[in-house]
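Text of the file start.cif, holding mmCIF, C-alpha atoms:
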```cif
data_final
#
loop_
_atom_site.label_atom_id
_atom_site.label_comp_id
_atom_site.auth_asym_id
_atom_site.auth_seq_id
_atom_site.Cartn_x
_atom_site.Cartn_y
_atom_site.Cartn_z
CA MET A 207 73.10 156.23 50.14
CA PHE A 208 75.45 158.88 48.87
CA ARG A 209 75.97 156.85 45.65
CA GLY A 210 72.23 156.73 45.13
CA ILE A 211 71.85 160.47 45.51
CA LEU A 212 74.74 161.05 43.12
CA ILE A 213 73.24 158.79 40.46
CA THR A 214 69.86 160.46 40.83
CA THR A 215 71.44 163.90 40.50
CA ILE A 216 73.41 162.92 37.41
CA ALA A 217 70.33 161.36 35.84
CA ALA A 218 68.26 164.47 36.54
CA ALA A 219 70.95 166.65 35.02
CA GLY A 220 71.05 164.41 31.97
CA LEU A 221 67.33 164.65 31.51
CA GLN A 222 67.51 168.40 31.82
CA ILE A 223 70.13 168.49 29.09
CA LEU A 224 68.01 166.25 26.93
CA ASN A 225 64.99 168.45 27.48
CA ALA A 226 67.00 171.51 26.62
CA GLN A 227 68.12 169.95 23.33
CA SER A 228 64.64 168.79 22.27
CA ILE A 229 63.15 172.26 21.99
CA ALA A 230 64.15 174.63 19.28
CA ASN A 231 62.24 177.55 17.91
CA GLN A 232 62.46 179.16 14.51
CA SER A 233 60.63 182.13 13.21
CA VAL A 234 59.46 181.49 9.64
CA THR A 235 58.37 184.45 7.54
CA LEU A 236 56.01 183.55 4.72
CA GLN A 237 54.80 185.75 1.93
CA VAL A 238 53.09 185.20 -1.42
CA GLN A 239 53.55 188.05 -3.80
CA ALA A 240 51.34 188.91 -6.72
CA VAL A 241 52.32 186.68 -9.64
CA THR A 242 51.40 187.21 -13.28
CA LYS A 243 52.93 184.92 -15.86
CA ILE A 244 52.07 184.42 -19.50
CA ALA A 245 53.87 182.30 -22.08
CA VAL A 246 53.20 181.14 -25.63
CA SER A 247 53.99 177.80 -27.21
CA GLY A 248 55.90 179.37 -30.10
CA ASN A 249 55.32 181.33 -33.27
CA PRO A 250 52.43 180.74 -35.68
CA GLY A 251 53.10 179.38 -39.12
CA ALA A 252 53.57 181.73 -42.04
CA MET A 253 50.27 183.02 -43.40
CA ILE A 254 50.56 183.49 -47.15
CA ILE A 255 47.56 184.40 -49.27
CA THR A 256 47.75 182.39 -52.46
CA ASP A 257 44.20 182.33 -53.79
CA ALA A 258 41.10 184.32 -54.46
CA VAL A 259 37.55 183.69 -55.55
CA ALA A 260 36.71 185.76 -58.59
CA GLY A 261 34.72 188.80 -57.61
CA SER A 262 35.58 188.53 -53.91
CA ASP A 263 38.36 189.64 -51.62
CA LEU A 264 41.52 187.59 -51.51
CA THR A 265 41.01 184.32 -49.69
CA ALA A 266 41.97 184.77 -46.06
CA VAL A 267 44.36 182.40 -44.36
CA SER A 268 44.40 181.48 -40.70
CA ASP A 269 46.61 179.87 -38.12
CA ASN A 270 45.62 178.34 -34.82
CA SER A 271 48.68 176.20 -34.23
CA THR A 272 49.88 178.01 -31.13
CA SER A 273 48.59 178.42 -27.61
CA TYR A 274 49.25 180.42 -24.48
CA SER A 275 49.25 179.66 -20.78
CA ILE A 276 48.86 181.98 -17.83
CA THR A 277 49.19 181.86 -14.07
CA THR A 278 48.00 184.64 -11.83
CA ASN A 279 47.00 184.88 -8.19
CA THR A 280 45.18 188.14 -8.71
CA ASP A 281 41.56 188.50 -9.73
CA ASN A 282 40.20 190.60 -12.56
CA MET A 283 43.28 190.56 -14.73
CA LYS A 284 43.18 190.95 -18.49
CA ILE A 285 45.24 190.03 -21.52
CA VAL A 286 46.03 192.80 -23.96
CA GLY A 287 47.80 192.65 -27.29
CA SER A 288 49.70 195.03 -29.52
CA ILE A 289 51.53 194.91 -32.85
CA SER A 290 55.03 196.18 -33.56
CA ALA A 291 54.00 198.10 -36.70
CA ALA A 292 50.77 198.65 -38.59
CA MET A 293 49.84 196.06 -41.21
CA PRO A 294 50.13 197.07 -44.88
CA ALA A 295 47.24 199.02 -46.38
CA GLY A 296 44.38 196.81 -47.47
CA THR A 297 45.30 193.93 -45.16
CA ARG A 298 43.91 192.89 -41.81
CA LEU A 299 45.26 190.73 -39.02
CA THR A 300 42.80 189.54 -36.43
CA LEU A 301 43.65 187.74 -33.22
CA GLN A 302 41.45 185.66 -30.95
CA LEU A 303 42.45 184.15 -27.64
CA ALA A 304 40.42 181.36 -26.06
CA SER A 305 40.05 181.49 -22.29
CA ASN A 306 38.66 179.41 -19.47
CA LYS A 307 39.54 181.90 -16.76
CA GLY A 308 38.29 185.06 -18.41
CA ILE A 309 36.02 186.41 -21.10
CA SER A 310 37.45 186.27 -24.59
CA LEU A 311 36.44 189.30 -26.62
CA GLY A 312 36.50 187.19 -29.76
CA SER A 313 38.29 188.01 -32.98
CA MET A 314 39.94 191.40 -32.54
CA ASP A 315 41.47 193.47 -35.32
CA ILE A 316 45.05 194.03 -34.28
CA SER A 317 46.20 195.47 -37.62
CA ASN A 318 46.85 198.94 -36.25
CA ALA A 319 47.01 198.21 -32.53
CA LEU A 320 50.25 199.99 -31.79
CA SER A 321 48.78 200.60 -28.34
CA PRO A 322 47.52 197.48 -26.53
CA ILE A 323 43.92 196.46 -27.00
CA ASP A 324 41.90 194.12 -24.78
CA LEU A 325 41.72 190.50 -25.89
CA VAL A 326 40.56 188.72 -22.72
CA THR A 327 39.04 190.45 -19.71
CA GLY A 328 37.93 189.43 -16.25
CA VAL A 329 40.63 186.83 -15.80
CA SER A 330 40.23 185.22 -12.40
CA LYS A 331 43.10 183.90 -10.33
CA GLY A 332 44.47 180.50 -11.09
CA SER A 333 46.11 178.94 -14.09
CA ASP A 334 44.85 178.53 -17.64
CA GLN A 335 46.85 176.20 -19.76
CA ALA A 336 47.23 175.71 -23.52
CA GLN A 337 44.48 178.08 -24.63
CA SER A 338 44.34 178.46 -28.40
CA ILE A 339 45.60 181.53 -30.26
CA SER A 340 43.90 182.11 -33.60
CA TYR A 341 45.15 184.47 -36.27
CA VAL A 342 43.37 185.39 -39.50
CA PHE A 343 45.20 187.28 -42.25
CA SER A 344 42.94 188.79 -44.91
CA ALA A 345 43.26 191.34 -47.68
CA ASN A 346 41.15 193.37 -50.06
CA ALA A 347 41.00 192.26 -53.69
CA ASP A 348 43.20 195.10 -54.89
CA THR A 349 45.96 194.64 -52.34
CA PRO A 350 49.27 194.31 -54.17
CA SER A 351 51.40 191.23 -53.77
CA ILE A 352 53.56 191.38 -50.66
CA PRO A 353 56.86 189.60 -50.25
CA SER A 354 57.23 187.78 -46.95
CA ASP A 355 56.97 190.24 -44.09
CA SER A 356 56.55 189.94 -40.36
CA ARG A 357 55.21 191.64 -37.27
CA VAL A 358 55.80 191.05 -33.58
CA ILE A 359 52.68 190.58 -31.47
CA THR A 360 53.06 191.33 -27.77
CA LEU A 361 50.67 189.72 -25.31
CA THR A 362 50.55 191.18 -21.82
CA LEU A 363 48.80 189.87 -18.74
CA THR A 364 48.01 192.93 -16.71
CA ASN A 365 45.53 194.50 -14.35
CA MET B 88 71.04 213.06 9.00
CA LYS B 89 68.00 214.48 7.33
CA LEU B 90 69.54 213.79 3.97
CA VAL B 91 70.28 210.18 4.93
CA ILE B 92 66.66 209.55 5.91
CA ARG B 93 65.38 211.08 2.71
CA ALA B 94 67.78 209.05 0.61
CA GLY B 95 66.73 205.88 2.41
CA THR B 96 63.09 206.69 1.90
CA LEU B 97 63.73 207.36 -1.74
CA VAL B 98 65.46 204.01 -2.18
CA THR B 99 62.60 202.25 -0.44
CA LEU B 100 60.05 203.98 -2.62
CA MET B 101 62.05 203.10 -5.72
CA LEU B 102 62.18 199.46 -4.67
CA LEU B 103 58.45 199.42 -3.98
CA GLY B 104 57.81 201.05 -7.33
CA ALA B 105 60.00 198.55 -9.14
CA THR B 106 58.24 195.68 -7.39
CA ALA B 107 54.84 197.09 -8.31
CA MET B 108 55.89 197.41 -11.91
CA ALA B 109 57.26 193.89 -11.93
CA GLN B 110 54.04 192.60 -10.41
CA GLU B 111 51.78 194.62 -12.66
CA SER B 112 52.18 192.59 -15.80
CA ASN B 113 54.11 190.00 -17.63
CA GLN B 114 54.65 189.83 -21.36
CA THR B 115 55.37 187.39 -24.13
CA VAL B 116 55.74 187.86 -27.87
CA GLN B 117 54.96 186.04 -31.08
CA THR B 118 56.34 186.75 -34.54
CA VAL B 119 53.75 186.62 -37.30
CA VAL B 120 55.01 186.06 -40.85
CA PHE B 121 52.69 186.91 -43.73
CA GLY B 122 52.68 187.57 -47.45
CA ILE B 123 50.48 187.78 -50.53
CA HIS B 124 51.25 186.02 -53.76
CA ARG B 125 50.55 187.49 -57.18
CA LEU B 126 46.94 186.86 -58.01
CA ASP B 127 44.70 187.35 -61.03
CA SER B 128 41.10 186.40 -60.90
CA PHE B 129 38.28 186.41 -63.40
CA SER B 130 34.57 186.48 -62.94
CA VAL B 131 32.02 186.19 -65.70
CA LYS B 132 28.44 187.13 -65.19
CA SER B 133 25.49 186.94 -67.49
CA GLN B 134 22.93 189.70 -67.76
CA SER B 135 20.80 187.96 -65.20
CA ASP B 136 23.67 188.57 -62.85
CA GLN B 137 24.09 184.94 -61.95
CA ASP B 138 27.45 183.32 -61.75
CA LYS B 139 27.68 180.45 -64.17
CA PRO B 140 30.44 178.26 -65.46
CA LEU B 141 31.77 179.36 -68.81
CA ASN B 142 30.29 176.40 -70.65
CA GLU B 143 26.83 177.23 -69.30
CA LEU B 144 26.78 180.86 -70.33
CA PRO B 145 23.81 181.71 -72.53
CA PRO B 146 24.40 183.44 -75.89
CA THR B 147 23.91 186.81 -74.44
CA LYS B 148 25.83 189.77 -73.21
CA VAL B 149 28.25 189.00 -70.44
CA THR B 150 30.38 191.13 -68.22
CA VAL B 151 33.89 190.11 -67.49
CA ARG B 152 35.47 191.48 -64.38
CA VAL B 153 39.15 191.34 -63.77
CA ASP B 154 40.55 191.60 -60.28
CA ARG B 155 44.24 191.67 -59.84
CA ASN B 156 46.72 192.66 -57.23
CA LEU B 157 49.79 193.16 -59.36
CA ASP B 158 51.96 196.04 -58.38
CA GLU B 159 53.94 195.85 -61.57
CA SER B 160 53.51 197.73 -64.83
CA PRO B 161 50.03 197.81 -66.36
CA LYS B 162 48.96 194.71 -68.22
CA SER B 163 46.26 194.09 -70.77
CA ALA B 164 43.58 191.49 -71.08
CA SER B 165 41.71 190.29 -74.13
CA LEU B 166 38.33 188.73 -74.70
CA LEU B 167 37.87 186.58 -77.76
CA ARG B 168 41.07 188.15 -79.02
CA GLU B 169 39.01 191.07 -80.27
CA ARG B 170 39.26 193.75 -77.70
CA HIS B 171 41.75 194.69 -75.09
CA ILE B 172 41.12 196.32 -71.81
CA ASP B 173 43.89 198.14 -70.10
CA LEU B 174 44.40 197.27 -66.51
CA ALA B 175 45.73 199.60 -63.92
CA ALA B 176 48.64 198.38 -61.88
CA THR B 177 46.14 197.23 -59.31
CA GLY B 178 42.41 197.13 -59.11
CA SER B 179 39.76 195.84 -61.44
CA ASP B 180 38.07 196.60 -64.73
CA THR B 181 35.14 195.22 -66.67
CA MET B 182 34.18 194.73 -70.29
CA GLU B 183 31.09 193.48 -72.02
CA LYS B 184 30.84 191.15 -74.97
CA THR B 185 27.95 189.54 -76.75
CA LEU B 186 28.45 185.84 -77.14
CA LYS B 187 26.65 183.77 -79.70
CA GLY B 188 27.44 180.21 -78.90
CA LYS B 189 31.11 180.85 -78.95
CA SER B 190 33.49 179.67 -76.34
CA LEU B 191 34.98 182.32 -74.18
CA LEU B 192 38.68 182.92 -74.39
CA PHE B 193 39.94 185.32 -71.86
CA THR B 194 43.54 185.89 -70.97
CA ILE B 195 45.70 188.24 -69.07
CA THR B 196 48.98 188.85 -70.76
CA ASP B 197 52.15 190.48 -69.60
#
```

Can the structure from this file be put into structure tokens for me?
Amino acid sequence: MFRGILITTIAAAGLQILNAQSIANQSVTLQVQAVTKIAVSGNPGAMIITDAVAGSDLTAVSDNSTSYSITTNTDNMKIVGSISAAMPAGTRLTLQLASNKGISLGSMDISNALSPIDLVTGVSKGSDQAQSISYVFSANADTPSIPSDSRVITLTLTN
Amino acid sequence: MKLVIRAGTLVTLMLLGATAMAQESNQTVQTVVFGIHRLDSFSVKSQSDQDKPLNELPPTKVTVRVDRNLDESPKSASLLRERHIDLAATGSDTMEKTLKGKSLLFTITD
């Protein structure tokens, strides 16, 4: 009789221990912060004007070999662009960004955009991958020859 | 104690500000390389103001226009080896010549 009570007591205690070990609580804190990321695939190829049609401006050259991708979890973002220094007199550099998540403003003259100008507006949250970047370099007929030169274009995803 | 609270608040505000700035935008850059080669171009128009190939020009007065983008010393151009026009370092100039079944020889010389 006593042995039976002892076994029952030990078994109950064991179960209690098991029950105590099977429950564990953790408090998990979750947060998603605002994320805005933009990246380009690389640099465009050199744009060298080498031809002209008699009586017209120098023949423009273009490059659409690069693309950009964005990720944002915020609505109504925009992509703006600026240039590191103004283009030489008589020349123009236009930039167009394609977009599935926003409204592309089309070909924008970035020649003197030392302050950022809008390129894509109304970007909704989500990701937009491998959207084309198109540059056009053009010049007036009387623009002197220019040795190879460069400018840095900054693209910013902002609100 | 008052100072400690203010300093803590300031740090918090600075952290919040930095976070806001970091969240506000993200940037990337591209380098664009460009250039313009030396170019000379010619256009020849008849009096009817229609562009025509040289071998189709009628025996009439034509206007030769020179467009160039040289930034070097002025050059000269000749038409039928008879008359020279002086060219500015850049820009364009025109000359007229009456052709009578002759072929057009037009050159820009250094």

Pick out the residues sitting within 7 Å of stretch 284-299 of chain A, and hand them over as a PDB file with C-alpha atoms, keeping the file's coordinate frame; count all atoms listed in the file, and ignore anything fewer than 5 positions along from it in its own chain.
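Listed below is the output, around_1.pdb:
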```pdb
ATOM      1  CA  ASP A 315      41.470 193.470 -35.320  1.00  0.00           C
ATOM      2  CA  ILE A 316      45.050 194.030 -34.280  1.00  0.00           C
ATOM      3  CA  SER A 317      46.200 195.470 -37.620  1.00  0.00           C
ATOM      4  CA  ASN A 318      46.850 198.940 -36.250  1.00  0.00           C
ATOM      5  CA  ALA A 319      47.010 198.210 -32.530  1.00  0.00           C
ATOM      6  CA  LEU A 320      50.250 199.990 -31.790  1.00  0.00           C
ATOM      7  CA  SER A 321      48.780 200.600 -28.340  1.00  0.00           C
ATOM      8  CA  PRO A 322      47.520 197.480 -26.530  1.00  0.00           C
ATOM      9  CA  ILE A 323      43.920 196.460 -27.000  1.00  0.00           C
ATOM     10  CA  ASP A 324      41.900 194.120 -24.780  1.00  0.00           C
ATOM     11  CA  LEU A 325      41.720 190.500 -25.890  1.00  0.00           C
ATOM     12  CA  VAL A 326      40.560 188.720 -22.720  1.00  0.00           C
ATOM     13  CA  THR A 327      39.040 190.450 -19.710  1.00  0.00           C
ATOM     14  CA  GLY A 328      37.930 189.430 -16.250  1.00  0.00           C
ATOM     15  CA  VAL A 329      40.630 186.830 -15.800  1.00  0.00           C
ATOM     16  CA  TYR A 341      45.150 184.470 -36.270  1.00  0.00           C
ATOM     17  CA  VAL A 342      43.370 185.390 -39.500  1.00  0.00           C
ATOM     18  CA  PHE A 343      45.200 187.280 -42.250  1.00  0.00           C
ATOM     19  CA  SER A 344      42.940 188.790 -44.910  1.00  0.00           C
ATOM     20  CA  ALA A 345      43.260 191.340 -47.680  1.00  0.00           C
ATOM     21  CA  ASN A 346      41.150 193.370 -50.060  1.00  0.00           C
ATOM     22  CA  THR A 349      45.960 194.640 -52.340  1.00  0.00           C
ATOM     23  CA  ARG A 357      55.210 191.640 -37.270  1.00  0.00           C
ATOM     24  CA  VAL A 358      55.800 191.050 -33.580  1.00  0.00           C
ATOM     25  CA  ILE A 359      52.680 190.580 -31.470  1.00  0.00           C
ATOM     26  CA  THR A 360      53.060 191.330 -27.770  1.00  0.00           C
ATOM     27  CA  LEU A 361      50.670 189.720 -25.310  1.00  0.00           C
ATOM     28  CA  THR A 362      50.550 191.180 -21.820  1.00  0.00           C
ATOM     29  CA  LEU A 363      48.800 189.870 -18.740  1.00  0.00           C
ATOM     30  CA  THR A 364      48.010 192.930 -16.710  1.00  0.00           C
ATOM     31  CA  ASN A 365      45.530 194.500 -14.350  1.00  0.00           C
TER      32      ASN A 365
END
```

Can you list, as a short mmCIF file (atom, residue, chain, number, x, y, z; two decimals) with C-alpha atoms, in the coordinates of the input, the residues that the PyMOL selection byres ((chain A) within 9 of (chain B)) selects here?
```
data_model
loop_
_atom_site.label_atom_id
_atom_site.label_comp_id
_atom_site.auth_asym_id
_atom_site.auth_seq_id
_atom_site.Cartn_x
_atom_site.Cartn_y
_atom_site.Cartn_z
CA GLN A 239 53.55 188.05 -3.80
CA ALA A 240 51.34 188.91 -6.72
CA VAL A 241 52.32 186.68 -9.64
CA THR A 242 51.40 187.21 -13.28
CA LYS A 243 52.93 184.92 -15.86
CA ILE A 244 52.07 184.42 -19.50
CA ALA A 245 53.87 182.30 -22.08
CA VAL A 246 53.20 181.14 -25.63
CA GLY A 248 55.90 179.37 -30.10
CA ASN A 249 55.32 181.33 -33.27
CA PRO A 250 52.43 180.74 -35.68
CA GLY A 251 53.10 179.38 -39.12
CA ALA A 252 53.57 181.73 -42.04
CA MET A 253 50.27 183.02 -43.40
CA ILE A 254 50.56 183.49 -47.15
CA ILE A 255 47.56 184.40 -49.27
CA THR A 256 47.75 182.39 -52.46
CA ASP A 257 44.20 182.33 -53.79
CA ALA A 258 41.10 184.32 -54.46
CA VAL A 259 37.55 183.69 -55.55
CA ALA A 260 36.71 185.76 -58.59
CA GLY A 261 34.72 188.80 -57.61
CA SER A 262 35.58 188.53 -53.91
CA LEU A 264 41.52 187.59 -51.51
CA TYR A 341 45.15 184.47 -36.27
CA PHE A 343 45.20 187.28 -42.25
CA ALA A 345 43.26 191.34 -47.68
CA ALA A 347 41.00 192.26 -53.69
CA ASP A 348 43.20 195.10 -54.89
CA THR A 349 45.96 194.64 -52.34
CA PRO A 350 49.27 194.31 -54.17
CA SER A 351 51.40 191.23 -53.77
CA ILE A 352 53.56 191.38 -50.66
CA PRO A 353 56.86 189.60 -50.25
CA SER A 354 57.23 187.78 -46.95
CA ASP A 355 56.97 190.24 -44.09
CA SER A 356 56.55 189.94 -40.36
CA ARG A 357 55.21 191.64 -37.27
CA VAL A 358 55.80 191.05 -33.58
CA ILE A 359 52.68 190.58 -31.47
CA THR A 360 53.06 191.33 -27.77
CA LEU A 361 50.67 189.72 -25.31
CA THR A 362 50.55 191.18 -21.82
CA LEU A 363 48.80 189.87 -18.74
CA THR A 364 48.01 192.93 -16.71
CA ASN A 365 45.53 194.50 -14.35
#
```

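Interatomic distance, atom CA of A:Ser313 against atom CA of A:Ile339: 10.1 Å.
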
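The two atoms in question, atom CA of A:Ser268 and atom CA of A:Gly332, are spaced 29.6 Å apart.
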
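Of note, atom CA of A:Ser247 and atom CA of A:Asn282 are spaced 23.8 Å apart.
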
Please expand the PyMOL selection byres ((chain A and resi 273) around 9) into the concrete residues it hits in this file, giving the result as a compact mmCIF listing (two decimals) with C-alpha atoms, keeping the file's coordinate frame.
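In the end it all went to part11.txt:
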```txt
# COMPACT_ATOMS: atom_id res chain seq x y z
CA ALA A 245 53.87 182.30 -22.08
CA VAL A 246 53.20 181.14 -25.63
CA SER A 247 53.99 177.80 -27.21
CA GLY A 248 55.90 179.37 -30.10
CA ASN A 270 45.62 178.34 -34.82
CA SER A 271 48.68 176.20 -34.23
CA THR A 272 49.88 178.01 -31.13
CA TYR A 274 49.25 180.42 -24.48
CA SER A 275 49.25 179.66 -20.78
CA LEU A 303 42.45 184.15 -27.64
CA ALA A 304 40.42 181.36 -26.06
CA GLN A 335 46.85 176.20 -19.76
CA ALA A 336 47.23 175.71 -23.52
CA GLN A 337 44.48 178.08 -24.63
CA SER A 338 44.34 178.46 -28.40
CA ILE A 339 45.60 181.53 -30.26
CA SER A 340 43.90 182.11 -33.60
```

>> I'd like the neighbourhood of A:Ser330 as an NGL selection string, where a residue qualifies if any of its atoms comes within 9 Å (using all atoms listed in the file), though same-chain residues fewer than 5 positions away should be ignored.
In response: :A and (278-284 or 307-308)

Mind giving me the axis-aligned box for stretch 343-357 of chain A with 8 Å on every side, centre plus edges in Å to one decimal, as AutoDock Vina command-line options?
```
--center_x 49.1 --center_y 191.2 --center_z -46.1 --size_x 32.2 --size_y 23.8 --size_z 33.6
```
